[in-house]
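In what follows, a structure is listed as structure tokens, so that the remarks can point back to it.
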Amino acid sequence: SDKEAGDSKYDEINVKEILLRVSYVKEKSKIAALLKNPVADNAPGLAVITRSNCLNCHNFTSKSIGPSFLEICKHYPATKINIDSLVSRIKKGSAGLWPGKEKMPAHPELTDDEIKSTVQWMFKNAADPNTAYYNGTPGIIRIPQDKPGPYIITAS
């Protein structure tokens, strides 16, 4: 529910446009600072992911039609060559790089800077073991047993 946008239970907010971030807070001293700024993540790269069609085919940590952002980060080290290659593949589209017959469509509507910020966000955040991202509202958030303590859940 949001004062300006409406409510998801009345379909005023499309549940597919909701991004949940679940952050494990190791240091309790950081809780107050996180609660003062509850915005899920305003990084430019994540903004591109959420407003474009990336989440139609990719998830943050689990395979969908395409590989997860985490799988991509494990497959390609964060080097300048790999970042430039991924920017080109996202812009022009690609096929045959991952198992399956899916082809990633071209994204000519995105600028090279937008794509680069997305790839950089992915390399910086996809493998963060203390933060999980969920697209939409249905589902279950599982708290790891080896990480008891405070969690901050934000929605945007």
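Residues are referred to by chain and number: the chain letter is A, B, ... according to the order shown in the structure tokens, the number counts from 1 in that chain, and ligands are numbered separately from 1 in the order shown.
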
task: Enumerate the residues of chain A with a DSSP assignment of alpha helix (DSSP H), computed from the backbone, and present them as a ChimeraX atom specification.
output: /A:31-36,44-51,54-57,69-75,80-92,112-125

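With only C-alpha atoms as the basis for measurement, A:Tyr134 is the residue among A:Leu20, A:Val25, A:Tyr134, A:Tyr76 that approaches Ser62 in chain A most closely.
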
field: CA of Glu4 in chain A to CA of Pro44 in chain A, straight-line distance in Å
entry: 22.1 Å

task: Counting only C-alpha atoms, figure out which residue out of A:Leu46, A:Ile140, A:Ile83, A:Met104 gets nearest to Thr118 in chain A.
output: A:Leu46

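In this structure, CA of Ser23 in chain A sits 20.5 Å away from CA of His58 in chain A.
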